[in-house]
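Please read the structure below before turning to the comments.
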Amino acid sequence: GALRTRGGPLAGVRVTVTAGPTREPIDPVRVLSNRSSGRMGFAVAAAARAAGAEVRLIAGPVALPTPLGVTRIDVETAADMHAAVLAALPATDLFIASAAVADYRPAQTSDRKLKKTAESLSLSLERTPDILAEVSAHDPRPFCVGFAAETDHLLDNARTKLTAKQLDMIAANRVGHALGIEQPDNALEVLWADGAHSLPRAPKEQLARELVALIAERYRLQSK
Ligand code: CTP
Ligand code: CA
């Protein structure tokens with residue numbers, strides 16, 4: 001067929017990709033979430049597949065078709081995504097965390113719909129698990145690639161995340177002001193311990209192919 005599954009720079013590599021937002025329930029009808037479309041992660045999954053990888057895509061709630069030849073696992077919450085990633089870990093050589101995981105979730109989820117009684121309402125939130133940090137700290141660990149969506153201090157914040165989570169690579173993009181999230185175009189600054197590469201503004205599908213080529217290059221250097 002049109003898909004090259006045998007050759008390619010990631011031939012035989014087992015790749016797990018997280019994508020999209022997560023959705024944290026407040027009550028049976030309300031959620032806490034974010035504006036991630038999942039488009040970058042889905043494009044990365046498709047590009048990894050086209051590069052010959054065996055791809056598992058763990059997706060939050062998004063309105064996107066599953067890329068051809070990719071195994072998709074749909075999840076809702078950060079806790080669900082965390083569990084799905086851990087289950088996939090023994091069969092993961094390369095982990096690409098593109099999901100916009102909610103950092104906080106309601107500390108309590110009500111079984112019943114909250115009624116509007118009081119004039120104001122405060123929600124108590126608790127931290128969700130940091131999926132990428134946990135995978136990176138795992139032994140044995142897959143090759144770990146993170147994303148960093150930042151409104152400011154892009155390179156500094158991304159480099160800090162690369163070090164803090166002990167990642168192999170990080171792809172940083174600017175968000176806000178019609179950039180990044182919810183947009184068909186994006187630009188990436190890709191960083192690793194002793195290098196960097198800018199991928200200029202382009203459609204997410206093209207960026208994903210360029211990013212996967214960079215990842216494959218670093219991955220093959222490290223797994224030699
Ligand atoms: N990530 C994750 N699990 C979380 C939060 C983030 O796996 N609970 C991953 C994201 O998929 C991304 C990377 O960690 O690859 C960085 O996410 P980001 O939101 O930019 O950074 P945080 O570490 O959450 O810090 P902050 O939001 O405060 O900038
Ligand atoms: Ca975050």
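Every chain in the structure tokens has a letter given in the order shown (A, B, ...), and although residue numbers restart at 1 in each chain, ligands are simply numbered from 1 in the order shown.
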For stretch 120-132 of chain A, find every residue with an atom within 7 Å (counting only C-alpha atoms), except residues of its own chain fewer than 4 positions away, and show them as a CSV table (one decimal) with N, CA, C and O atoms, in the first residue's frame.
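Produced file out_27.csv, reproduced below:
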chain,number,residue,atom,x,y,z
A,78,ALA,N,-6.8,12.6,33.1
A,78,ALA,CA,-5.3,12.4,33.3
A,78,ALA,C,-5.1,11.1,34.0
A,78,ALA,O,-4.1,10.4,33.6
A,82,HIS,N,-2.8,8.3,32.3
A,82,HIS,CA,-1.7,7.8,33.1
A,82,HIS,C,-1.7,6.2,33.1
A,82,HIS,O,-0.7,5.6,32.9
A,97,ALA,N,5.2,12.6,24.4
A,97,ALA,CA,4.1,13.2,25.2
A,97,ALA,C,3.7,14.5,24.6
A,97,ALA,O,4.3,15.6,24.9
A,103,ASP,N,-3.2,19.9,34.6
A,103,ASP,CA,-2.3,19.8,35.7
A,103,ASP,C,-3.0,19.6,37.1
A,103,ASP,O,-2.5,19.1,38.0
A,104,TYR,N,-4.3,20.0,37.1
A,104,TYR,CA,-5.1,19.9,38.3
A,104,TYR,C,-6.5,19.3,38.0
A,104,TYR,O,-7.0,19.5,36.8
A,105,ARG,N,-7.0,18.7,38.9
A,105,ARG,CA,-8.4,18.2,38.8
A,105,ARG,C,-9.2,18.5,40.0
A,105,ARG,O,-8.6,18.7,41.1
A,106,PRO,N,-10.5,18.6,39.9
A,106,PRO,CA,-11.3,18.8,41.1
A,106,PRO,C,-11.0,17.8,42.2
A,106,PRO,O,-10.9,16.6,41.9
A,107,ALA,N,-10.7,18.2,43.4
A,107,ALA,CA,-10.4,17.3,44.5
A,107,ALA,C,-11.6,16.4,44.8
A,107,ALA,O,-11.4,15.3,45.2
A,136,SER,N,9.8,8.9,32.4
A,136,SER,CA,11.2,9.2,32.3
A,136,SER,C,12.0,8.7,33.5
A,136,SER,O,13.2,8.3,33.3
Could the residues of chain A that have an atom at most 8 Å from ligand 2 be listed as a tab-separated table, each with its closest atom pair and the distance in Å to one decimal, counting only C-alpha atoms and all ligand atoms and ordered by chain and ascending residue number?
residue	atom	partner	partner_atom_place_in_ligand_line	distance
A:Ala100	CA	ligand 2	1 (Ca)	6.7
A:Val101	CA	ligand 2	1 (Ca)	6.3
A:Ala102	CA	ligand 2	1 (Ca)	6.4
A:Asp103	CA	ligand 2	1 (Ca)	5.1
Where does chain A meet ligand 1 within 10 Å, residue by residue, with the nearest atom pair and distance in Å to one decimal for each, counting only C-alpha atoms and all ligand atoms, listed by chain and rising number, as a Markdown table?
| residue | atom | partner | partner_atom_place_in_ligand_line | distance |
| --- | --- | --- | --- | --- |
| A:Val17 | CA | ligand 1 | 11 (O) | 9.3 |
| A:Thr18 | CA | ligand 1 | 11 (O) | 6.9 |
| A:Ala19 | CA | ligand 1 | 11 (O) | 7.6 |
| A:Gly20 | CA | ligand 1 | 11 (O) | 9.0 |
| A:Pro21 | CA | ligand 1 | 11 (O) | 9.2 |
| A:Thr22 | CA | ligand 1 | 8 (N) | 9.5 |
| A:Gly41 | CA | ligand 1 | 11 (O) | 9.7 |
| A:Ala78 | CA | ligand 1 | 8 (N) | 6.7 |
| A:Ala79 | CA | ligand 1 | 8 (N) | 9.0 |
| A:Met81 | CA | ligand 1 | 3 (N) | 8.8 |
| A:His82 | CA | ligand 1 | 3 (N) | 7.8 |
| A:Val85 | CA | ligand 1 | 7 (O) | 9.4 |
| A:Phe95 | CA | ligand 1 | 15 (O) | 9.6 |
| A:Ile96 | CA | ligand 1 | 15 (O) | 7.2 |
| A:Ala97 | CA | ligand 1 | 15 (O) | 4.1 |
| A:Ser98 | CA | ligand 1 | 11 (O) | 4.6 |
| A:Ala99 | CA | ligand 1 | 11 (O) | 4.2 |
| A:Ala100 | CA | ligand 1 | 11 (O) | 5.3 |
| A:Val101 | CA | ligand 1 | 4 (C) | 4.8 |
| A:Ala102 | CA | ligand 1 | 8 (N) | 6.1 |
| A:Asp103 | CA | ligand 1 | 8 (N) | 5.1 |
| A:Tyr104 | CA | ligand 1 | 8 (N) | 8.0 |
| A:Arg127 | CA | ligand 1 | 8 (N) | 7.8 |
| A:Thr128 | CA | ligand 1 | 8 (N) | 5.4 |
| A:Pro129 | CA | ligand 1 | 8 (N) | 4.9 |
| A:Asp130 | CA | ligand 1 | 8 (N) | 3.5 |
| A:Ile131 | CA | ligand 1 | 7 (O) | 3.7 |
| A:Leu132 | CA | ligand 1 | 7 (O) | 3.7 |
| A:Ala133 | CA | ligand 1 | 7 (O) | 6.6 |
| A:Glu134 | CA | ligand 1 | 7 (O) | 8.0 |
| A:Val135 | CA | ligand 1 | 7 (O) | 8.3 |
| A:Ser136 | CA | ligand 1 | 7 (O) | 9.7 |
| A:Cys144 | CA | ligand 1 | 15 (O) | 9.1 |
| A:Val145 | CA | ligand 1 | 15 (O) | 6.9 |
| A:Gly146 | CA | ligand 1 | 15 (O) | 3.5 |
| A:Phe147 | CA | ligand 1 | 15 (O) | 3.8 |
| A:Ala148 | CA | ligand 1 | 20 (O) | 3.7 |
| A:Ala149 | CA | ligand 1 | 20 (O) | 4.8 |
| A:Glu150 | CA | ligand 1 | 20 (O) | 6.7 |
| A:Thr151 | CA | ligand 1 | 29 (O) | 9.5 |
| A:Asn157 | CA | ligand 1 | 29 (O) | 7.6 |
| A:Ala158 | CA | ligand 1 | 20 (O) | 7.8 |
| A:Thr160 | CA | ligand 1 | 23 (O) | 9.6 |
| A:Lys161 | CA | ligand 1 | 23 (O) | 6.5 |
| A:Leu162 | CA | ligand 1 | 16 (C) | 8.9 |
| A:Ala164 | CA | ligand 1 | 23 (O) | 8.7 |
| A:Lys165 | CA | ligand 1 | 23 (O) | 8.0 |
| A:Leu167 | CA | ligand 1 | 15 (O) | 9.5 |
| A:Met169 | CA | ligand 1 | 15 (O) | 9.9 |
| A:Ile170 | CA | ligand 1 | 15 (O) | 7.6 |
| A:Ala171 | CA | ligand 1 | 15 (O) | 8.2 |
| A:Ala172 | CA | ligand 1 | 20 (O) | 8.2 |
| A:Asn173 | CA | ligand 1 | 20 (O) | 9.3 |
Practice prompt. Between atom CA of A:Ala213 and atom CA of A:Arg35, measure the distance and give it in Å to one decimal.
Written response: 27.1 Å
Just the residues within 9 Å of A:Arg112, please, counting only C-alpha atoms, with nothing from its chain fewer than 2 positions along; format it as a PDB file with C-alpha atoms, in the first residue's frame.
ATOM      1  CA  ASP A  27     -19.974  16.667  38.329  1.00  0.00           C
ATOM      2  CA  PRO A  28     -21.814  14.385  35.855  1.00  0.00           C
ATOM      3  CA  VAL A  29     -22.249  17.205  33.322  1.00  0.00           C
ATOM      4  CA  THR A 109     -16.253  14.937  41.917  1.00  0.00           C
ATOM      5  CA  SER A 110     -19.912  15.261  42.756  1.00  0.00           C
ATOM      6  CA  LEU A 114     -24.201  20.903  41.359  1.00  0.00           C
ATOM      7  CA  LYS A 115     -27.063  23.348  41.868  1.00  0.00           C
TER       8      LYS A 115
END
Item to complete: Determine which residues of stretch 73-140 of chain A DSSP labels as helix (DSSP H, G or I) from the backbone of this structure, then write them out as a VMD selection string.
Response: chain A and resid 78 to 91 131 to 137
